[in-house]
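Enquirer: Below is the file protein_19.cif, which contains mmCIF, C-alpha atoms and all ligand atoms.
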data_model
loop_
_atom_site.label_atom_id
_atom_site.label_comp_id
_atom_site.auth_asym_id
_atom_site.auth_seq_id
_atom_site.Cartn_x
_atom_site.Cartn_y
_atom_site.Cartn_z
CA MET U 1 -28.47 -26.21 -56.03
CA SER U 2 -30.20 -24.93 -59.20
CA ARG U 3 -28.00 -23.95 -62.09
CA PRO U 4 -28.58 -20.13 -61.82
CA LEU U 5 -27.87 -20.21 -58.08
CA LEU U 6 -24.71 -22.25 -58.59
CA MET U 7 -23.48 -19.74 -61.17
CA ALA U 8 -24.13 -16.83 -58.77
CA ALA U 9 -22.24 -18.61 -55.98
CA CYS U 10 -19.28 -19.21 -58.28
CA LEU U 11 -19.25 -15.57 -59.36
CA LEU U 12 -19.27 -14.40 -55.72
CA ALA U 13 -16.43 -16.75 -54.83
CA ALA U 14 -14.38 -15.45 -57.71
CA ALA U 15 -14.96 -11.76 -56.84
CA PRO U 16 -12.03 -10.02 -55.15
CA ALA U 17 -12.42 -9.65 -51.42
CA LEU U 18 -13.85 -6.34 -50.28
CA ALA U 19 -10.96 -3.96 -49.56
CA ALA U 20 -10.24 -3.80 -45.78
CA PRO U 21 -11.04 -0.35 -44.37
CA LYS U 22 -7.41 0.11 -43.37
CA GLY U 23 -6.74 3.33 -41.47
CA ASP U 24 -10.39 4.33 -41.38
CA PRO U 25 -11.05 5.16 -37.70
CA ALA U 26 -14.74 4.44 -38.17
CA ARG U 27 -14.24 0.94 -39.65
CA ASP U 28 -10.72 -0.32 -38.93
CA PRO U 29 -10.37 -1.80 -35.40
CA ALA U 30 -6.58 -1.59 -35.68
CA THR U 31 -6.67 2.21 -35.47
CA THR U 32 -7.38 1.96 -31.72
CA GLU U 33 -4.82 -0.74 -30.96
CA ALA U 34 -1.65 0.37 -29.14
CA TRP U 35 1.23 -2.12 -29.38
CA THR U 36 4.11 -0.09 -28.00
CA PRO U 37 5.66 0.38 -25.59
CA GLU U 38 5.11 -3.16 -24.34
CA PRO U 39 4.44 -3.28 -20.58
CA ALA U 40 7.41 -4.66 -18.67
CA ILE U 41 7.10 -8.27 -17.63
CA VAL U 42 6.76 -8.66 -13.85
CA ALA U 43 6.88 -12.11 -12.32
CA THR U 44 4.41 -12.64 -9.50
CA PRO U 45 5.31 -15.72 -7.47
CA PRO U 46 2.41 -16.77 -5.20
CA GLY U 47 2.92 -15.32 -1.74
CA GLY U 48 6.13 -13.58 -2.79
CA ALA U 49 7.15 -10.12 -3.89
CA PRO U 50 6.79 -9.12 -7.54
CA SER U 51 10.05 -9.39 -9.44
CA ASP U 52 10.44 -5.61 -9.77
CA ALA U 53 9.76 -4.88 -6.09
CA ILE U 54 12.28 -3.74 -3.51
CA VAL U 55 12.05 -6.28 -0.70
CA LEU U 56 12.27 -4.38 2.57
CA PHE U 57 11.83 -7.36 4.86
CA ASP U 58 11.87 -11.02 3.85
CA GLY U 59 11.46 -12.48 7.32
CA LYS U 60 15.16 -12.51 8.19
CA ASP U 61 17.15 -9.59 6.82
CA THR U 62 16.64 -6.19 8.48
CA SER U 63 19.44 -4.45 6.59
CA ALA U 64 16.99 -2.22 4.70
CA TRP U 65 16.07 -0.62 8.04
CA GLU U 66 17.68 1.37 10.81
CA ALA U 67 16.66 2.48 14.28
CA GLU U 68 14.83 5.78 14.57
CA GLN U 69 17.81 7.08 16.54
CA GLY U 70 20.26 5.51 14.06
CA GLY U 71 22.02 2.15 14.22
CA PRO U 72 20.75 -1.39 13.82
CA VAL U 73 17.10 -2.35 14.15
CA PRO U 74 16.29 -2.75 17.87
CA TRP U 75 13.31 -5.07 17.26
CA THR U 76 13.44 -8.87 17.51
CA VAL U 77 13.55 -11.11 14.46
CA ALA U 78 12.32 -14.68 14.83
CA ASP U 79 10.17 -17.21 12.98
CA GLY U 80 10.10 -15.09 9.83
CA ALA U 81 8.79 -11.98 11.54
CA MET U 82 10.11 -8.76 13.01
CA THR U 83 8.48 -7.74 16.29
CA VAL U 84 8.36 -4.41 18.05
CA VAL U 85 10.29 -4.22 21.31
CA PRO U 86 8.32 -1.84 23.54
CA GLY U 87 10.35 1.19 24.48
CA SER U 88 12.92 0.69 21.72
CA LYS U 89 11.42 3.37 19.39
CA GLY U 90 10.50 2.99 15.74
CA ILE U 91 12.45 2.00 12.67
CA ARG U 92 12.84 3.56 9.27
CA THR U 93 14.00 2.40 5.86
CA ARG U 94 17.45 3.48 4.75
CA GLU U 95 16.04 4.23 1.33
CA LYS U 96 13.75 7.17 0.62
CA PHE U 97 10.53 6.89 -1.31
CA CYS U 98 7.98 9.14 -3.00
CA ASP U 99 5.14 7.53 -4.99
CA ILE U 100 4.92 3.84 -4.16
CA GLN U 101 2.92 0.65 -4.09
CA LEU U 102 3.47 -0.96 -0.72
CA HIS U 103 2.67 -4.39 0.68
CA VAL U 104 2.94 -5.01 4.41
CA GLU U 105 1.85 -7.94 6.55
CA TRP U 106 1.32 -7.36 10.25
CA ARG U 107 0.03 -9.18 13.30
CA SER U 108 -1.16 -7.82 16.60
CA PRO U 109 -0.33 -9.70 19.81
CA THR U 110 -2.73 -12.26 21.26
CA GLU U 111 -2.20 -10.88 24.73
CA THR U 112 -5.12 -8.43 24.87
CA LYS U 113 -6.21 -8.53 28.52
CA GLY U 114 -5.80 -5.10 30.03
CA PHE U 115 -5.14 -3.47 26.68
CA GLU U 116 -8.04 -1.43 25.34
CA GLY U 117 -8.59 1.04 22.53
CA GLN U 118 -5.39 2.68 21.32
CA ASP U 119 -3.32 0.57 23.72
CA ARG U 120 -4.16 -2.71 21.96
CA GLY U 121 -1.82 -3.75 19.16
CA ASN U 122 -0.89 -0.21 18.21
CA SER U 123 1.77 0.48 15.62
CA GLY U 124 1.67 2.41 12.38
CA ILE U 125 3.10 2.76 8.94
CA PHE U 126 4.24 6.29 8.31
CA LEU U 127 4.52 7.15 4.63
CA GLN U 128 7.40 9.53 4.08
CA GLU U 129 7.89 9.43 7.87
CA LEU U 130 5.00 11.86 8.35
CA TYR U 131 1.65 10.39 7.40
CA GLU U 132 0.35 7.49 9.49
CA LEU U 133 -1.65 4.59 8.20
CA GLN U 134 -2.77 3.20 11.54
CA VAL U 135 -1.97 -0.32 12.64
CA LEU U 136 -4.21 -1.36 15.54
CA ASP U 137 -5.98 -4.42 16.84
CA SER U 138 -9.48 -3.32 15.82
CA TYR U 139 -11.10 -6.72 16.30
CA HIS U 140 -13.89 -6.02 18.80
CA ASN U 141 -11.85 -3.16 20.22
CA PRO U 142 -13.76 0.12 20.04
CA THR U 143 -11.87 3.37 19.64
CA TYR U 144 -12.41 6.58 17.68
CA ALA U 145 -13.09 5.48 14.08
CA ASN U 146 -10.47 7.74 12.57
CA GLY U 147 -7.92 6.03 14.78
CA GLN U 148 -8.75 2.38 14.15
CA ALA U 149 -6.97 -0.04 11.83
CA GLY U 150 -6.96 1.20 8.24
CA SER U 151 -7.49 4.81 9.23
CA ILE U 152 -5.30 7.69 8.20
CA TYR U 153 -4.73 8.57 11.81
CA LYS U 154 -7.10 11.32 12.99
CA GLN U 155 -7.90 12.26 9.40
CA ALA U 156 -9.84 9.55 7.60
CA MET U 157 -11.74 6.60 9.05
CA PRO U 158 -11.61 3.36 7.05
CA LEU U 159 -14.54 2.50 4.77
CA ALA U 160 -14.91 -0.85 6.57
CA ASN U 161 -13.47 -2.75 9.51
CA ALA U 162 -11.76 -5.69 7.82
CA SER U 163 -9.79 -6.69 10.92
CA ARG U 164 -8.84 -10.27 11.71
CA PRO U 165 -8.51 -11.52 15.29
CA PRO U 166 -5.29 -10.78 17.16
CA GLY U 167 -2.58 -13.31 16.39
CA GLU U 168 -3.63 -13.67 12.74
CA TRP U 169 -1.57 -12.13 9.97
CA GLN U 170 -3.20 -9.23 8.14
CA THR U 171 -2.27 -7.40 4.96
CA TYR U 172 -2.15 -3.82 3.85
CA ASP U 173 -1.77 -3.02 0.17
CA VAL U 174 -1.19 0.66 -0.34
CA ILE U 175 -0.97 3.04 -3.28
CA TRP U 176 0.68 6.24 -2.13
CA LYS U 177 0.94 9.43 -4.11
CA ALA U 178 3.32 11.85 -2.45
CA PRO U 179 2.39 15.50 -1.98
CA ARG U 180 3.87 17.97 -4.45
CA PHE U 181 5.42 21.27 -3.44
CA SER U 182 6.47 24.24 -5.53
CA PRO U 183 10.10 25.43 -5.45
CA GLY U 184 8.87 28.15 -3.10
CA GLY U 185 7.46 25.54 -0.72
CA GLY U 186 3.77 25.97 -1.48
CA LEU U 187 1.52 22.92 -1.70
CA ILE U 188 0.78 22.05 -5.32
CA SER U 189 -1.14 18.86 -4.59
CA PRO U 190 -1.79 16.97 -1.35
CA ALA U 191 -0.87 13.32 -0.81
CA ARG U 192 -3.42 10.70 -1.81
CA ILE U 193 -3.72 7.18 -0.50
CA THR U 194 -5.56 4.00 -1.43
CA VAL U 195 -5.49 1.10 1.02
CA LEU U 196 -6.77 -2.46 0.91
CA HIS U 197 -6.92 -4.16 4.30
CA ASN U 198 -7.01 -7.93 3.93
CA GLY U 199 -8.14 -7.30 0.35
CA VAL U 200 -10.97 -4.93 1.36
CA LEU U 201 -10.88 -1.33 0.18
CA VAL U 202 -10.65 0.91 3.26
CA GLN U 203 -9.14 4.10 1.78
CA ASN U 204 -10.21 5.03 -1.73
CA ASP U 205 -7.90 7.66 -3.19
CA THR U 206 -8.22 9.56 0.08
CA VAL U 207 -6.83 13.08 0.18
CA VAL U 208 -4.39 13.42 3.07
CA SER U 209 -4.79 16.71 4.91
CA GLY U 210 -1.22 16.97 6.09
CA LYS U 211 1.26 15.55 8.57
CA THR U 212 -0.25 13.25 11.21
CA GLU U 213 -0.91 15.07 14.45
CA TYR U 214 -1.97 13.64 17.79
CA ILE U 215 -3.37 16.99 18.86
CA GLY U 216 -4.65 19.68 16.53
CA ALA U 217 -5.22 20.02 12.81
CA PRO U 218 -2.86 18.55 10.23
CA SER U 219 -0.93 20.80 7.88
CA TYR U 220 1.76 20.54 5.23
CA ALA U 221 5.36 21.67 5.25
CA PRO U 222 7.48 21.07 2.14
CA HIS U 223 9.65 17.98 2.01
CA ASP U 224 11.24 15.60 -0.45
CA CYS U 225 11.11 11.82 -0.79
CA ALA U 226 11.55 10.22 2.62
CA PRO U 227 11.84 6.83 4.36
CA LEU U 228 9.02 4.59 5.42
CA TYR U 229 8.74 4.48 9.18
CA LEU U 230 7.23 1.79 11.41
CA GLN U 231 5.96 2.96 14.76
CA GLU U 232 6.76 1.57 18.19
CA HIS U 233 3.73 2.22 20.38
CA ALA U 234 4.44 -0.10 23.31
CA SER U 235 2.66 -3.04 21.63
CA LYS U 236 4.43 -6.17 20.42
CA VAL U 237 3.18 -5.91 16.85
CA SER U 238 4.94 -8.12 14.29
CA TYR U 239 5.73 -7.50 10.64
CA ARG U 240 6.71 -9.71 7.72
CA ASN U 241 6.79 -9.74 3.93
CA ILE U 242 7.27 -6.02 3.32
CA TRP U 243 7.92 -4.88 -0.22
CA VAL U 244 7.58 -1.73 -2.22
CA ARG U 245 7.42 -0.78 -5.88
CA LYS U 246 8.39 2.71 -6.90
CA LEU U 247 5.75 4.28 -9.13
MG MG H 1 -0.23 4.00 15.65
#
Once more with this new file: its structure as structure tokens, please.
Expert:
Amino acid sequence: MSRPLLMAACLLAAAPALAAPKGDPARDPATTEAWTPEPAIVATPPGGAPSDAIVLFDGKDTSAWEAEQGGPVPWTVADGAMTVVPGSKGIRTREKFCDIQLHVEWRSPTETKGFEGQDRGNSGIFLQELYELQVLDSYHNPTYANGQAGSIYKQAMPLANASRPPGEWQTYDVIWKAPRFSPGGGLISPARITVLHNGVLVQNDTVVSGKTEYIGAPSYAPHDCAPLYLQEHASKVSYRNIWVRKL
């Protein structure tokens, strides 16, 4: 390095560092950093429920549930699954829920001969006991699209048919926003639902039109937080690994 250049380099090195633009929103990156509150730590064991979830069914214990008509769960529990007993009616959680994240695993029966359309592997997950996310064997089993697996029954068809063959376990991951009602009972905001079926988005922040109806148009009537309900629809559908996180 020549002597003049060396002198310039030494002068630069000795100069005080340029003042950091602290607090200047146009130049200080720290002005857009949020450090508090720190998000809660949630452990996520592979294949298990998150550490802050309420486990509703772990493969053995049905104590979080009761029969639709009251009393113990009338479905069978074996091999880590709970299976519908046709004719026994549905089951509901003892606890009530409003806004939730829900994980459910379900399996439709392999016995399909003679069971077509809505009669094949039919069950359902009713949010707040009123709004059905359909459970159906929709693997090569045509039916009305707003009644197949992943539909909001008779309201919203799924965005895709992500069904696995009967006998294979399937997953639903649900984000449910409960409807809001005014003190006078008027509807402030309808329910909204997002559903992933086997990891595929099938309901994308869908607006729910009201209580599930078999016949006629859905409508709302005011209600509070309410149980989850699993439907008995004469099919031996099985469930396992059910957990919920209150939002
Ligand atoms: Mg159903």
Enquirer: Could you name the residues that touch Trp176 of chain U at 9 Å or less, counting all atoms listed in the file, but leaving out those on the same chain fewer than 4 positions away, as a list in words?
Expert: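 Those residues are Cys98, Asp99, Ile100, Gln101, Leu102, Leu127, Ala191, Arg192, Ile193, Thr194, Val195, Asp205 and Leu247 of chain U.
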Enquirer: Counting only C-alpha atoms and all ligand atoms, which residues in chain U sit no more than 12 Å from ligand MG 1 (chain H)? For each one, give the nearest pair of atoms and the distance in Å, sorted by chain then residue number, as CSV.
Expert:
residue,atom,partner,partner_atom,distance
U:Gly90,CA,H:MG1,MG,10.8
U:Ser108,CA,H:MG1,MG,11.9
U:Gly117,CA,H:MG1,MG,11.2
U:Gln118,CA,H:MG1,MG,7.8
U:Asp119,CA,H:MG1,MG,9.3
U:Arg120,CA,H:MG1,MG,10.0
U:Gly121,CA,H:MG1,MG,8.7
U:Asn122,CA,H:MG1,MG,5.0
U:Ser123,CA,H:MG1,MG,4.0
U:Gly124,CA,H:MG1,MG,4.1
U:Ile125,CA,H:MG1,MG,7.6
U:Phe126,CA,H:MG1,MG,8.9
U:Leu130,CA,H:MG1,MG,11.9
U:Tyr131,CA,H:MG1,MG,10.6
U:Glu132,CA,H:MG1,MG,7.1
U:Leu133,CA,H:MG1,MG,7.6
U:Gln134,CA,H:MG1,MG,4.9
U:Val135,CA,H:MG1,MG,5.5
U:Leu136,CA,H:MG1,MG,6.7
U:Asp137,CA,H:MG1,MG,10.3
U:Ser138,CA,H:MG1,MG,11.8
U:Asn146,CA,H:MG1,MG,11.3
U:Gly147,CA,H:MG1,MG,8.0
U:Gln148,CA,H:MG1,MG,8.8
U:Ala149,CA,H:MG1,MG,8.7
U:Gly150,CA,H:MG1,MG,10.4
U:Ser151,CA,H:MG1,MG,9.7
U:Ile152,CA,H:MG1,MG,9.7
U:Tyr153,CA,H:MG1,MG,7.5
U:Lys154,CA,H:MG1,MG,10.4
U:Thr212,CA,H:MG1,MG,10.3
U:Glu213,CA,H:MG1,MG,11.2
U:Tyr214,CA,H:MG1,MG,10.0
U:Tyr229,CA,H:MG1,MG,11.1
U:Leu230,CA,H:MG1,MG,8.9
U:Gln231,CA,H:MG1,MG,6.3
U:Glu232,CA,H:MG1,MG,7.8
U:His233,CA,H:MG1,MG,6.4
U:Ala234,CA,H:MG1,MG,9.9
U:Ser235,CA,H:MG1,MG,9.7
U:Val237,CA,H:MG1,MG,10.5
Enquirer: Emit the selected residues as a tab-separated table (two decimals), in the coordinates of the input, including C-alpha atoms.
Expert:
chain	number	residue	atom	x	y	z
U	90	GLY	CA	10.50	2.99	15.74
U	108	SER	CA	-1.16	-7.82	16.60
U	117	GLY	CA	-8.59	1.04	22.53
U	118	GLN	CA	-5.39	2.68	21.32
U	119	ASP	CA	-3.32	0.57	23.72
U	120	ARG	CA	-4.16	-2.71	21.96
U	121	GLY	CA	-1.82	-3.75	19.16
U	122	ASN	CA	-0.89	-0.21	18.21
U	123	SER	CA	1.77	0.48	15.62
U	124	GLY	CA	1.67	2.41	12.38
U	125	ILE	CA	3.10	2.76	8.94
U	126	PHE	CA	4.24	6.29	8.31
U	130	LEU	CA	5.00	11.86	8.35
U	131	TYR	CA	1.65	10.39	7.40
U	132	GLU	CA	0.35	7.49	9.49
U	133	LEU	CA	-1.65	4.59	8.20
U	134	GLN	CA	-2.77	3.20	11.54
U	135	VAL	CA	-1.97	-0.32	12.64
U	136	LEU	CA	-4.21	-1.36	15.54
U	137	ASP	CA	-5.98	-4.42	16.84
U	138	SER	CA	-9.48	-3.32	15.82
U	146	ASN	CA	-10.47	7.74	12.57
U	147	GLY	CA	-7.92	6.03	14.78
U	148	GLN	CA	-8.75	2.38	14.15
U	149	ALA	CA	-6.97	-0.04	11.83
U	150	GLY	CA	-6.96	1.20	8.24
U	151	SER	CA	-7.49	4.81	9.23
U	152	ILE	CA	-5.30	7.69	8.20
U	153	TYR	CA	-4.73	8.57	11.81
U	154	LYS	CA	-7.10	11.32	12.99
U	212	THR	CA	-0.25	13.25	11.21
U	213	GLU	CA	-0.91	15.07	14.45
U	214	TYR	CA	-1.97	13.64	17.79
U	229	TYR	CA	8.74	4.48	9.18
U	230	LEU	CA	7.23	1.79	11.41
U	231	GLN	CA	5.96	2.96	14.76
U	232	GLU	CA	6.76	1.57	18.19
U	233	HIS	CA	3.73	2.22	20.38
U	234	ALA	CA	4.44	-0.10	23.31
U	235	SER	CA	2.66	-3.04	21.63
U	237	VAL	CA	3.18	-5.91	16.85
Enquirer: Name all residues at most 9 Å from Trp106 of chain U (count all atoms listed in the file; drop same-chain ones fewer than 3 positions away) and give them as a ChimeraX atom specification.
Expert: /U:81,135,168-172,237-241
Enquirer: Near Val55 of chain U, counting only C-alpha atoms, which residues have an atom at most 8 Å away, once you skip same-chain residues fewer than 5 positions from it, shown as a PyMOL selection string?
Expert: chain U and resi 49+241-244
Enquirer: From the options U:Val202, U:Pro109, U:Phe97, U:Ala30, which residue's atoms come nearest to Pro179 of chain U, counting all atoms listed in the file?
Expert: U:Phe97
Enquirer: Check the smallest atom-to-atom distance from each of U:Lys246, U:Arg107, U:Lys113, U:Lys211 to Val84 of chain U using only C-alpha atoms, then report the winner.
Expert: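 Smallest distance to Val84 of chain U is found for U:Arg107.
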Enquirer: Between atom CA of Arg94 of chain U and atom CA of Trp75 of chain U, what is the distance in Å, rounded to a tenth?
Expert: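 Taking atom CA of Arg94 of chain U and atom CA of Trp75 of chain U, their separation equals 15.7 Å.
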Enquirer: Can you tell me how far atom CA of Gln128 of chain U sits from atom CA of Leu228 of chain U, in Å to one decimal?
Expert: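 Going from atom CA of Gln128 of chain U over to atom CA of Leu228 of chain U covers 5.4 Å.
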Enquirer: In Å to one decimal, how far is atom CA of Asp224 of chain U from atom CA of Asp58 of chain U?
Expert: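 So the two atoms, atom CA of Asp58 of chain U and atom CA of Asp224 of chain U, lie 27.0 Å apart.
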Enquirer: Would you please work out which residue, of U:Ala26, U:Ile175, U:Ala145, U:Ala217, is nearest to Val104 of chain U when using all atoms listed in the file?
Expert: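 Ranking U:Ala26, U:Ile175, U:Ala145, U:Ala217 by distance to Val104 of chain U, first place goes to U:Ile175.
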Enquirer: Can you work out which one of U:Cys225, U:Ala43, U:Ile215, U:Val208 has the shortest atom-to-atom distance to Thr93 of chain U, counting only C-alpha atoms?
Expert: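 Nearest candidate to Thr93 of chain U out of U:Cys225, U:Ala43, U:Ile215, U:Val208: U:Cys225.
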Enquirer: Counting only C-alpha atoms, which residue out of U:Leu159, U:Ile41, U:Pro46, U:Lys236 sits closest to Thr83 of chain U?
Expert: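 Result for the nearest residue to Thr83 of chain U: U:Lys236.
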Enquirer: Smallest atom-to-atom distance to Gly185 of chain U: which of U:Gln203, U:Thr112, U:His223, U:His103, using all atoms listed in the file?
Expert: U:His223
